[in-house]
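Taking it in order: structure first as structure tokens, then the write-up.
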Amino acid sequence: MSAAALRGAGGAAENFVEGLRRLQEACGAGNFLGATGAAMVLSGVAWGCYRVMLACPYLLCILVGVLVMVVSLVMRPGGLLVLLPEFVQDLLLRKTVFDMLYDDTNMQNLSRKWGRMLLLCYGEWAPADIRAVTAGLDPAFVDTVIRRTFLQHLPAPLRTVLLPSPRPVPVPGALVAPGGWPRGSPEEAIQTAAATGVSSVGVPSDLGGPPLSAQKISKLLKEKAQDKDKRITEPGLDQAIYGVFGIWPTFLRMGETILGRAWGLFTVSTLIASLSAACLYLPWSRGMLLKGLARLPMKQAILGADG
């Protein structure tokens with residue numbers, strides 16, 4: 001396609017453009033118009049800034065102050081990096097893009113720490129088991145997770161606003177709680193709950209509570225398990241299934257036997273696959289597995305396989 005065909009038939013707009021381009025070739029009027037337009041834009045911006053400064057003269061002080069502070073920072077002989085937090089200095093000076101891909105220490109520490117806490121949620125552990133699960137963890141972290149309520153996570157001024165203030169006892173021997181509120185009142189209940197903390201383990205150590213022991217954690221887990229069982233009030237699904245399929249008891253027993261064996265086989269295979277995937281996914285277990293395979297001579301491995 002030729003250039004003339006691409007541009008189309010000449011109309012009023014095309015003729016006007018061609019006329020302007022011939023004028024530019026004749027006297028260079030386009031350069032003058034461009035400079036004039038830029039000057040008018042700059043004049044308008046300057047005029048607008050001037051009117052803004054007249055209306056809000058404090059902005060001039062702010063701009064000058066910011067400029068002076070920036071210049072003072074630039075003039076600092078020691079540079080600006082020493083003023084930044086230590087982790088920012090370490091990131092800028094010692095870290096690379098490869099470190100961002102390779103270093104997963106924060107994720108590992110997080111998974112190990114909270115993974116131990118998740119283990120406590122599955123089962124009524126004995127004190128010896130709890131000591132094994134929490135071994136190596138920061139006692140303050142365990143205390144915070146188990147005993148610190150959401151109210152105790154709030155700042156002290158906000159807790160003061162939320163909780164009722166202690167009141168003096170008006171008459172000796174009156175039916176009032178130690179906080180001065182009438183016994184049975186909502187204020188007395190809130191005061192008692194805030195002072196008692198979590199059931200049998202009390203408040204955290206930093207709020208005046210006793211040290212948290214494995215025996216107390218074991219007792220707390222049993223109490224929570226019993227409370228959860230009490231709050232599950234709906235009937236189980238086994239009764240509904242038996243009620244629907246009760247007219248075929250023989251087929252139901254056969255299906256139960258088959259499904260039980262299939263479920264056992266599926267559970268075992270799923271557990272083995274999950275453990276294998278976890279061993280290959282977690283860096284420490286993958287490293288131990290590879291190191292063990294590397295240390296095992298190939299000859300011994302073949303002989304052991306042949307039995």
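Residue names in the structure tokens use chain letters A, B, ... in the order shown, residue numbers from 1 in each chain, and ligand numbers from 1 in the order shown.
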
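Near Ile217 of chain A, within 12 Å and counting only C-alpha atoms, sit A:Met117, A:Leu120, A:Cys121, A:Glu124, A:Trp125, A:Ala126, A:Pro127, A:Ala128, A:Asp129, A:Ile130, A:Arg131, A:Val133, A:Thr134, A:Val142, A:Asp143, A:Val145, A:Ile146, A:Arg147, A:Val198, A:Ser199, A:Ser200, A:Val201, A:Gly202, A:Pro211, A:Glu223, A:Lys224; same-chain residues fewer than 6 positions away were not included.
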
Open item on the list: Can you pull out the residues contacting Leu151 of chain A? Cut-off 12 Å, using only C-alpha atoms, and skip same-chain residues under 3 positions away; I want them as a PyMOL selection string.
Closed with: chain A and resi 147-148+154-163+190+193-195+197-198+203

Open item on the list: So the first atom is atom CA of Leu118 of chain A and the second is atom CA of Lys219 of chain A; what is the distance between them in Å, to one decimal place?
Closed with: 17.0 Å

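From atom CA of Met40 of chain A back to atom CA of Phe16 of chain A, the distance works out to 24.7 Å.
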
Task: Members of segment 64-264 of chain A assigned alpha helix (DSSP H) by DSSP, as a PyMOL selection string - done: chain A and resi 64-74+86-94+97-102+105-119+127-133+139-147+150-153+156-162+186-196+214-231+237-245+249-264

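Atom CA of Lys216 of chain A is found 28.4 Å from atom CA of Glu187 of chain A.
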
TODO: Using only C-alpha atoms, find the one residue out of A:Cys49, A:Leu59, A:Leu207, A:Leu54 that sits nearest to Ala140 of chain A.
DONE: A:Leu207
